[in-house]
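Student: One structure is given below, represented as structure tokens, and several questions about it will come after.
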Amino acid sequence: MKNWKYLLFGLAFLLLAFFVISETEPSPPLLSITQTSGGNHTFLYEGIVKGVLAVQEIHTEKEYINGLSIRFATMGRVNTNTNTILVIDSNYNLLYQEKFSSSDVEDTKYHSFQFGESRKTGRGNKLYICLFSIDGDSANCLHVIFNPGTKKGRLYASLIRNDDVIRSIANRARLYPGAMMLRTYESGFSITSMIRISLYIIALLIAALIIFFKSFQNFLLRITIRPEILYVIIALIFGSLFVFTNPPFQAPDEGAHLTRSYELSKFEFSGKGKTIPQSVIELDSSFTHLHFNPDEKTSRKEIMDLLDDKLNPGIRAESDGPHYTVPFLPQLIGLFVGKVFNPSPLAAMYFGRIFNLIVCIIFIFLAIRITPFAKWLFFMLALMPKTLYLMSSLSYDAFLICDSFLLIALLMHDAFKAEKLGWRDLGLLFFLSVLLAMCKPPYFFIGFLFLIIPVRKIGTIKKYAAIFAILVVSMFWAQGAFSLVREMTGSAGSSKTEKVDEQEQKTKNTEKEPSKNSSDPGAGSMRNEVPRQQETKEVERSNEPKPEASQQTKTNQVISPPEQINFIRSNPLLFLKLLFLTNVDYMRANILNNFVGVMGWLDAFLPDIFINIYLFMLLAGSLLISDPLFSIDWKRKSLFFIIFLSGVLLIEVAMYIFVTYVGIDRLYGVQGRYLIPFAPLFFLVFYNNFLSEKLNFLLSPRRQSFKKAKPGQKTKIMAEIKEEQMFTRYMKVMITLVVVVTLARSVATILLRYYQW
């Protein structure tokens with residue numbers, strides 16, 4: 001294409017984009033919570049009925065308001081009553097209005113109202129948040145929840161007279177204590193304007209790329225992008241940001257992981273009678289109020305003040321950390337180094353995070369470097385927000401992930417690139433396999449990937465079988481030495497985190513039938529509630545249908561592996577059904593979201609669009625990026641998939657046996673992070689050379705030359721097209737952009753979740 005055509009297309013795109021952006025009113029996103037009236041106090045229900053207006057007064061803290069969220073209860077019913085929310089300023093001007101159905105609201109969850117644009121209110125001005133229903137009656141399932149222990153402004157009910165809602169605001173029929181459970185999203189500037197400016201900048205960049213497309217293409221052909229070097233740069237930047245922006249103990253079980261590191265520092269590997277400094281336990285408890293409660297915030301000052309707290313190793317307390325040892329070695333090194341520079345337990349925690357990150361980066365760097373192909377697959381999986389978040393914490397999952405990636409990469413190198421394996425190669429393979437087996441079950445199954453190595457690279461079939469048998473025995477020995485059953489049953493009792501909490505909340509809430517106390521028409525209905533149980537239900541954030549209770553299922557609120565095993569034996573078909581429904585229906589969205597980017601104690605969420613784009617790019621990269629020198633036959637792909645599927649099923653069966661109530665009709669607690677170590681095996685199934693070869697040819701600048709060339713010259717030109725890999729180069733740039741933007745948004749998610757802005 002001629003240069004003037006690129007200029008014409010670029011200018012046309014720019015004019016069209018500017019016109020569309022100027023005519024479109026972008027909706028400001030709900031970002032940081034400015035005000036909240038949620039909490040852990042007992043709260044009450046108030047029904048929304050016809051003829052009654054519920055009014056909440058608030059005073060703004062910033063210049064603009066972008067939206068708000070209100071927490072409702074549906075009492076387990078599904079109705080289609082029509083409700084309306086109004087936001088009115090102190091001069092009774094209407095700022096926002098929206099009609100919504102009771103069926104659109106989830107039980108005991110916040111329902112967001114995102115304004116079409118940032119509304120300027122002025123700092124400190126009064127706003128009225130009004131709720132009413134045009135057809136609500138005592139059967140309306142929608143109830144506003146309010147917290148009597150919070151003072152946010154007056155909350156009262158007004159009788160609507162003459163169908164004039166606004167003038168009825170002042171008709172206070174009943175005053176309530178506390179305030180609606182709500183959140184406001186305010187800002188010191190118009191976010192709508194900032195979004196529009198950002199869109200203009202993006203349009204300019206795209207137009208410039210179109211205009212200078214040939215120059216950009218030539219630039220890509222000249223440079224060589226080394227994914228392992230690029231990985232180290234990105235991981236160091238964003239990993240460091242995660243280390244210091246994520247408040248202490250906000251990765252799952254991070255307090256237990258610090259406890260285990262202190263136990264190991266005194267060479268207390270297992271058994272009873274283990275102790276740690278009391279100050280470590282007190283430090284962990286200082287941040288438990290943040291767990292599962294997005295309304296709770298912290299500050300840099302609160303965190304920095306704790307750096308002055310001394311370790312006081314003489315004052316001890318009993319501890320019961322996890323029994324694992326190997327995955328805590330990086331944290332243990334960080335703890336020893338931290339003691340040298342600062343005896344504070346908080347400083348030791350940060351040093352543990354730093355060394356965990358450094359060790360993981362080294363392992364992943366080696367994995368990307370030695371794998372003969374699929375380097376960009378490892379690059380993307382290792383830079384997923386969830387992966388890097390875990391590596392930047394004290395989590396033992398971090399070492400498990402990086403060791404599994406390095407082992408997979410080494411096996412791929414041995415199978416596809418190495419000429420012949422010597423004892424040094426086999427020793428390294430054995431070392432990583434046994435190390436992985438000593439981390440956490442059932443990830444030692446990755447060692448069975450040894451079978452992708454051709455027999456000729458080992459020697460005779462007898463030698464091959466003997467080495468494989470010794471490898472399997474070594475892995476089982478390492479796993480057995482770690483006492484698999486004891487560890488998993490011990491974890492079920494001592495580390496009761498999201499897994500058991502989740503089913504406790506759901507079981508208690510499904511069993512609980514709130515009393516129905518009628519009150520006067522102006523007040524609707526009012527019910528008491530236990531707040532903590534309802535607060536943690538927000539963690540789910542999924543529209544999952546509640547499964548029908550099976551008549552064959554007898555649920556006991558106890559965790560007993562022997563009883564659970566007997567239940568599975570008695571109901572094998574029911575168990576297979578619940579496994580299938582867990583993955584396909586009940587928890588699919590949760591598992592995928594948690595796989596990519598759910599952070600904190602499952603309460604810091606990346607927007608769905610980032611998760612969906614990242615998953616798409618993972619699949620696209622697996623399908624479309626390949627090395628023409630290497631191909632994977634169907635036998636090896638089958639083995640990849642069998643090991644992946646076996647690992648996933650073992651995880652889910654273990655979760656059901658060891659951390660799920662006996663006989664419950666669904667599986668709780670399966671998180672996407674458990675699948676990350678197996679993830680390369682799944683995506684390698686999609687590896688192929690066909691699509692990459694075709695797309696590289698279609699996007700090659702030499703495609704026209706190939707068509708016009710004489711038959712004798714086509715072979716040479718085709719070789720040059722394969723070497724330049726034009727489409728692959730575009731994909732590498734796209735992957736890098738997606739990774740960087742997603743990680744930047746992930747850091748913003750942490751800041752918005754945990755800090756007041």
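By order of appearance in the structure tokens: chains A, B, ..., then residues from 1 within every chain, and ligands from 1 in the order shown.
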Need to verify the contact set: segment 467-480 of chain A, 6 Å, only C-alpha atoms, exclusion of same-chain residues closer than 6 positions in sequence. Can you return it as a PyMOL selection string?
Tutor: chain A and resi 434+437-438
Student: Could you take the residues named above and write them with N, CA, C and O atoms, as a PDB file, in the first residue's frame?
Tutor:
ATOM      1  N   VAL A 434      11.575 -34.078  42.864  1.00  0.00           N
ATOM      2  CA  VAL A 434      11.465 -34.369  44.296  1.00  0.00           C
ATOM      3  C   VAL A 434      11.150 -33.092  45.068  1.00  0.00           C
ATOM      4  O   VAL A 434      10.357 -33.094  46.023  1.00  0.00           O
ATOM      5  N   ALA A 437       7.562 -32.502  44.704  1.00  0.00           N
ATOM      6  CA  ALA A 437       6.792 -33.462  45.503  1.00  0.00           C
ATOM      7  C   ALA A 437       6.780 -33.084  46.973  1.00  0.00           C
ATOM      8  O   ALA A 437       5.821 -33.383  47.695  1.00  0.00           O
ATOM      9  N   MET A 438       7.826 -32.424  47.439  1.00  0.00           N
ATOM     10  CA  MET A 438       7.904 -32.028  48.845  1.00  0.00           C
ATOM     11  C   MET A 438       7.194 -30.711  49.124  1.00  0.00           C
ATOM     12  O   MET A 438       7.146 -30.277  50.279  1.00  0.00           O
TER      13      MET A 438
END
Student: Per DSSP on the backbone, filter segment 368-478 of chain A down to the residues in helix (DSSP H, G or I) and report them as number ranges by chain.
Tutor: A: 368-370, 375-382, 385-391, 397-416, 423-437, 443-452, 455-457, 461-478
Student: Quick one: residues within 10 Å of Ala604 of chain A, only C-alpha atoms counted, chain neighbours fewer than 3 positions away excluded, as a list in words?
Tutor: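 Close residues of Ala604 of chain A: Gln250, Phe292, Asn293, Pro294, Val539, Gly597, Val598, Met599, Gly600, Trp601, Pro607, Ser746, Thr749, Ile750, Leu751, Leu752, Arg753 and Tyr754 of chain A.
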Student: Any chance you can output those residues with N, CA and C atoms as an mmCIF file, in the first residue's frame?
Tutor:
data_model
loop_
_atom_site.group_PDB
_atom_site.id
_atom_site.type_symbol
_atom_site.label_atom_id
_atom_site.label_comp_id
_atom_site.auth_asym_id
_atom_site.auth_seq_id
_atom_site.Cartn_x
_atom_site.Cartn_y
_atom_site.Cartn_z
ATOM 1 N N GLN A 250 -2.501 -9.745 53.535
ATOM 2 C CA GLN A 250 -3.696 -9.692 52.688
ATOM 3 C C GLN A 250 -3.634 -10.666 51.528
ATOM 4 N N PHE A 292 -12.141 -10.066 53.904
ATOM 5 C CA PHE A 292 -13.509 -10.262 53.418
ATOM 6 C C PHE A 292 -14.402 -9.033 53.603
ATOM 7 N N ASN A 293 -13.841 -7.894 53.908
ATOM 8 C CA ASN A 293 -14.681 -6.720 54.182
ATOM 9 C C ASN A 293 -14.183 -5.525 53.385
ATOM 10 N N PRO A 294 -14.689 -5.322 52.171
ATOM 11 C CA PRO A 294 -14.221 -4.211 51.333
ATOM 12 C C PRO A 294 -14.499 -2.834 51.924
ATOM 13 N N VAL A 539 -17.881 -12.144 49.048
ATOM 14 C CA VAL A 539 -16.680 -12.702 48.432
ATOM 15 C C VAL A 539 -17.017 -13.484 47.172
ATOM 16 N N GLY A 597 -7.069 -13.125 38.281
ATOM 17 C CA GLY A 597 -6.840 -11.863 38.947
ATOM 18 C C GLY A 597 -7.614 -11.514 40.182
ATOM 19 N N VAL A 598 -8.169 -12.461 40.940
ATOM 20 C CA VAL A 598 -8.792 -12.115 42.215
ATOM 21 C C VAL A 598 -7.694 -12.060 43.267
ATOM 22 N N MET A 599 -7.586 -10.926 43.938
ATOM 23 C CA MET A 599 -6.506 -10.722 44.900
ATOM 24 C C MET A 599 -7.081 -10.486 46.289
ATOM 25 N N GLY A 600 -6.193 -10.234 47.250
ATOM 26 C CA GLY A 600 -6.640 -10.081 48.620
ATOM 27 C C GLY A 600 -7.217 -11.389 49.141
ATOM 28 N N TRP A 601 -8.081 -11.276 50.153
ATOM 29 C CA TRP A 601 -8.778 -12.453 50.668
ATOM 30 C C TRP A 601 -10.051 -12.635 49.844
ATOM 31 N N PRO A 607 -11.668 -5.909 37.088
ATOM 32 C CA PRO A 607 -12.874 -5.876 36.248
ATOM 33 C C PRO A 607 -12.896 -7.057 35.285
ATOM 34 N N SER A 746 -4.167 -3.992 38.003
ATOM 35 C CA SER A 746 -4.164 -4.819 39.212
ATOM 36 C C SER A 746 -3.594 -4.051 40.401
ATOM 37 N N THR A 749 -6.180 -1.800 41.488
ATOM 38 C CA THR A 749 -7.202 -2.532 42.238
ATOM 39 C C THR A 749 -6.811 -2.669 43.706
ATOM 40 N N ILE A 750 -5.543 -2.974 43.968
ATOM 41 C CA ILE A 750 -5.067 -3.086 45.353
ATOM 42 C C ILE A 750 -5.179 -1.736 46.065
ATOM 43 N N LEU A 751 -4.750 -0.677 45.390
ATOM 44 C CA LEU A 751 -4.800 0.649 46.008
ATOM 45 C C LEU A 751 -6.232 1.071 46.300
ATOM 46 N N LEU A 752 -7.128 0.797 45.359
ATOM 47 C CA LEU A 752 -8.523 1.194 45.541
ATOM 48 C C LEU A 752 -9.216 0.342 46.591
ATOM 49 N N ARG A 753 -8.803 -0.910 46.702
ATOM 50 C CA ARG A 753 -9.447 -1.797 47.678
ATOM 51 C C ARG A 753 -9.035 -1.476 49.110
ATOM 52 N N TYR A 754 -7.753 -1.183 49.331
ATOM 53 C CA TYR A 754 -7.253 -1.129 50.700
ATOM 54 C C TYR A 754 -6.982 0.269 51.244
#
Student: Do a neighbour search on Thr325 of chain A at 8 Å with only C-alpha atoms, toss out local chain neighbours closer than 3 positions, and write the hits as a PyMOL selection string.
Tutor: chain A and resi 264+269+328-329+438-439
Student: Keeping only all heavy atoms, write the selected residues as a JSON list (two decimals), in the first residue's frame.
Tutor:
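Result file follows (selection.json):
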[["chain", "number", "residue", "atom", "x", "y", "z"],
["A", 264, "LEU", "N", 10.39, -22.47, 61.37],
["A", 264, "LEU", "CA", 11.56, -23.05, 60.71],
["A", 264, "LEU", "C", 12.85, -22.36, 61.14],
["A", 264, "LEU", "O", 13.92, -22.98, 61.15],
["A", 264, "LEU", "CB", 11.40, -22.97, 59.19],
["A", 264, "LEU", "CG", 10.29, -23.83, 58.59],
["A", 264, "LEU", "CD1", 10.16, -23.59, 57.10],
["A", 264, "LEU", "CD2", 10.55, -25.31, 58.86],
["A", 269, "PHE", "N", 10.28, -28.32, 62.93],
["A", 269, "PHE", "CA", 9.74, -28.78, 61.66],
["A", 269, "PHE", "C", 8.34, -29.36, 61.78],
["A", 269, "PHE", "O", 7.52, -29.22, 60.89],
["A", 269, "PHE", "CB", 10.69, -29.82, 61.03],
["A", 269, "PHE", "CG", 12.02, -29.24, 60.67],
["A", 269, "PHE", "CD1", 13.12, -29.44, 61.48],
["A", 269, "PHE", "CD2", 12.17, -28.48, 59.52],
["A", 269, "PHE", "CE1", 14.36, -28.90, 61.15],
["A", 269, "PHE", "CE2", 13.40, -27.95, 59.17],
["A", 269, "PHE", "CZ", 14.49, -28.15, 59.99],
["A", 328, "PHE", "N", 8.82, -22.84, 51.92],
["A", 328, "PHE", "CA", 9.05, -21.68, 52.78],
["A", 328, "PHE", "C", 10.52, -21.28, 52.84],
["A", 328, "PHE", "O", 10.87, -20.36, 53.59],
["A", 328, "PHE", "CB", 8.54, -21.96, 54.19],
["A", 328, "PHE", "CG", 7.05, -22.00, 54.30],
["A", 328, "PHE", "CD1", 6.39, -23.20, 54.44],
["A", 328, "PHE", "CD2", 6.30, -20.84, 54.24],
["A", 328, "PHE", "CE1", 5.01, -23.25, 54.54],
["A", 328, "PHE", "CE2", 4.92, -20.87, 54.33],
["A", 328, "PHE", "CZ", 4.27, -22.08, 54.48],
["A", 329, "LEU", "N", 11.37, -21.93, 52.08],
["A", 329, "LEU", "CA", 12.80, -21.61, 52.15],
["A", 329, "LEU", "C", 13.10, -20.18, 51.71],
["A", 329, "LEU", "O", 13.92, -19.50, 52.35],
["A", 329, "LEU", "CB", 13.59, -22.63, 51.32],
["A", 329, "LEU", "CG", 13.56, -24.07, 51.84],
["A", 329, "LEU", "CD1", 14.36, -24.99, 50.94],
["A", 329, "LEU", "CD2", 14.05, -24.14, 53.28],
["A", 438, "MET", "N", 7.83, -32.42, 47.44],
["A", 438, "MET", "CA", 7.90, -32.03, 48.85],
["A", 438, "MET", "C", 7.19, -30.71, 49.12],
["A", 438, "MET", "O", 7.15, -30.28, 50.28],
["A", 438, "MET", "CB", 9.37, -31.92, 49.27],
["A", 438, "MET", "CG", 10.13, -33.23, 49.23],
["A", 438, "MET", "SD", 11.87, -33.07, 49.67],
["A", 438, "MET", "CE", 11.73, -32.69, 51.41],
["A", 439, "CYS", "N", 6.67, -30.09, 48.07],
["A", 439, "CYS", "CA", 5.97, -28.81, 48.25],
["A", 439, "CYS", "C", 4.54, -29.00, 48.72],
["A", 439, "CYS", "O", 4.16, -28.59, 49.80],
["A", 439, "CYS", "CB", 5.99, -28.00, 46.96],
["A", 439, "CYS", "SG", 7.57, -27.22, 46.59]]
Student: Please provide as an NGL selection string all residues within 9 Å of Ser395 of chain A, with the sequence filter that same-chain residues fewer than 3 positions apart are discarded (counting only C-alpha atoms).
Tutor: :A and (251-254 or 257-258 or 327-328 or 331 or 353 or 356 or 390-392 or 398-399)
Student: Please list as a compact mmCIF listing (two decimals) with C-alpha atoms, in the first residue's frame every residue within 10 Å of Leu53 of chain A, counting only C-alpha atoms and excluding residues in the same chain fewer than 3 positions away.
Tutor:
# COMPACT_ATOMS: atom_id res chain seq x y z
CA ILE A 48 -39.72 -0.95 50.25
CA VAL A 49 -43.47 -0.58 49.85
CA LYS A 50 -45.81 1.49 47.74
CA GLN A 56 -30.91 8.74 53.38
CA THR A 84 -36.79 3.63 41.74
CA ILE A 85 -33.75 5.38 43.15
CA ILE A 129 -30.76 9.28 48.37
CA CYS A 130 -34.36 8.19 47.95
CA LEU A 131 -35.85 4.74 47.34
CA PHE A 132 -39.47 3.87 46.59
CA SER A 133 -41.57 1.30 44.74
CA TYR A 156 -36.10 8.19 57.68
CA ALA A 157 -39.28 7.11 55.93
CA SER A 158 -41.63 9.67 54.34
CA LEU A 159 -45.17 9.18 53.12
CA ILE A 160 -45.54 10.07 49.45
CA VAL A 165 -41.91 12.30 45.44
CA ILE A 166 -39.55 15.26 45.69
CA SER A 168 -42.56 14.41 50.03
CA ILE A 169 -38.93 14.20 51.15
CA ASN A 171 -42.63 14.49 55.26
CA ARG A 172 -40.72 12.49 57.84
CA ALA A 173 -43.04 9.78 59.13
CA GLY A 522 -44.99 3.43 56.76
CA ALA A 523 -42.23 1.33 58.15
Student: Grab the atom CA of Phe238 of chain A to atom CA of Ile364 of chain A distance for me, in Å with one decimal place.
Tutor: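 Separation between atom CA of Phe238 of chain A and atom CA of Ile364 of chain A: 15.1 Å.
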Student: Atom CA of Tyr231 of chain A and atom CA of Glu693 of chain A, how far apart in Å?
Tutor: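 Rounded to one decimal, the two atoms are 25.5 Å apart.
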Student: Using only C-alpha atoms for the distances, tell me which of A:Lys722, A:Arg196, A:Lys440, A:Lys386 is nearest to Ile591 of chain A.
Tutor: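 Going through A:Lys722, A:Arg196, A:Lys440, A:Lys386 one by one, the smallest distance to Ile591 of chain A is for A:Lys386.
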